[in-house]
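Enquirer: Sending over a structure as structure tokens; questions will come in a sec.
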Amino acid sequence: MTPLLSFLNVSKRCADGGREILVLDRACLDIDAGVSVGVYGARRSGKSTLLRLAAGIALPDSGTVSFDGADMAQMSAGARSRLLRSAIAFMSADDWRANAGESVVDHVATALGSEGLTMREARHRALRVLDQVGVGAAGAQETASSLSLTERTKVMLARALAREPRLLVLDEPAQMPNLSDRDRFYALLRSATRERGMALLVASEEMAALQGLGVLMSISDGELCSTEERGTVVQMPGRRRAGAERPGW
């Protein structure tokens, strides 16, 4: 069976001042449809680069990143953009943007512009998904730019889920000040993707964000490692298929 997402010996370098550094070093990973994967890493460990490569936002310097068997580097920029609007959803707090005066429901509905829906149909779907993530009818009419950090994170998730992607990629998913709010969001994220049969790839500096996921991994200095057993980290010289040992949640 062809994995949904595949990394084969993927490396990436980035400029850092006057020098070039290796951000990702020969990463190998296969993720099957419907499998949840968590990647733990400190800042500047390479995890955000890993996720942007997974979403097709960035391309590798060497190696192959494939989605459903297709090499992303061989796709046109337009094809990768269409993939990111349909089969893949990428969510990062750093990418939050809301137009002045835009309501929450319209902010989510505009994510469905490539779905062929009328604005009325898009708003109807947006309202349904907002309700599922805990934003009621009153909250849906609030101005998106005025939201608190906790509310904004829920709306970003709704915007991602509304497009019904096959793969949801999240970078530091819940930067919330309240621990109980974060725990509720993590539970919501797991249940929402499980119910929809989506594959999930999450990277975080917090282990709490990764609890309950099917496969746990870590990244440090650009090297991706796989946790085979609780408390044991194994280096990855070859390919690893996420979900083979611990499928589900």
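Simple scheme: letters A, B, ... for chains in structure tokens order, numbers from 1 for residues in each chain, numbers from 1 for ligands in the order shown.
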Met176 in chain A: which residues within 10 Å, counting only C-alpha atoms, same-chain residues fewer than 3 positions away excluded, as an MDAnalysis selection string?
Expert: chainID A and resid 148:153 173 179:183 185
Enquirer: Mind checking which residues fall within 8 Å of Arg123 in chain A, counting only C-alpha atoms, ignoring those fewer than 5 positions away in the same chain, and posting them as a list in words?
Expert: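 Those residues are Val105, Asp106, Val108 and Ala109 of chain A.
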Enquirer: Kindly save the residues from that selection, with N, CA and C atoms included, as a PDB file, in the first residue's frame.
Expert:
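Generated file (result.pdb):
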```pdb
ATOM      1  N   VAL A 105     -17.177  33.448  11.070  1.00  0.00           N
ATOM      2  CA  VAL A 105     -17.770  32.496  10.114  1.00  0.00           C
ATOM      3  C   VAL A 105     -17.270  32.771   8.705  1.00  0.00           C
ATOM      4  N   ASP A 106     -17.093  34.043   8.330  1.00  0.00           N
ATOM      5  CA  ASP A 106     -16.579  34.351   7.000  1.00  0.00           C
ATOM      6  C   ASP A 106     -15.103  33.994   6.882  1.00  0.00           C
ATOM      7  N   VAL A 108     -13.660  31.443   8.246  1.00  0.00           N
ATOM      8  CA  VAL A 108     -13.621  30.006   7.978  1.00  0.00           C
ATOM      9  C   VAL A 108     -14.177  29.706   6.590  1.00  0.00           C
ATOM     10  N   ALA A 109     -15.248  30.376   6.197  1.00  0.00           N
ATOM     11  CA  ALA A 109     -15.893  30.113   4.907  1.00  0.00           C
ATOM     12  C   ALA A 109     -14.981  30.436   3.732  1.00  0.00           C
TER      13      ALA A 109
END
```
Enquirer: Please, what distance in Å, to one decimal, runs between CA of Leu168 in chain A and CA of Leu84 in chain A?
Expert: 10.0 Å
Enquirer: Could you find all residues in range 13-160 of chain A that DSSP calls strand (DSSP E) from the backbone, and write them as number ranges by chain?
Expert: A: 13-16, 19-31, 36-40, 62-67, 70-71, 88-92
Enquirer: Smallest atom-to-atom distance to Arg194 in chain A: which of A:Ala79, A:Val65, A:Val35, A:Ala126, using only C-alpha atoms?
Expert: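 Checking each candidate against Arg194 in chain A, we get A:Val35 as the closest.
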Enquirer: Go through A:Leu224, A:Pro3, A:Ile57, A:Val104 and flag the residue nearest Ser81 in chain A, using only C-alpha atoms for the distances.
Expert: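 Looking at the shortest contact to Ser81 in chain A, the residue is A:Ile57.
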Enquirer: Report as a VMD selection string all protein, DNA and RNA residues lying within 9 Å of Ala158 in chain A, evaluated on only C-alpha atoms, omitting residues in the same chain fewer than 4 positions from it.
Expert: chain A and resid 108 126 129 to 133 153 to 154 162 to 163
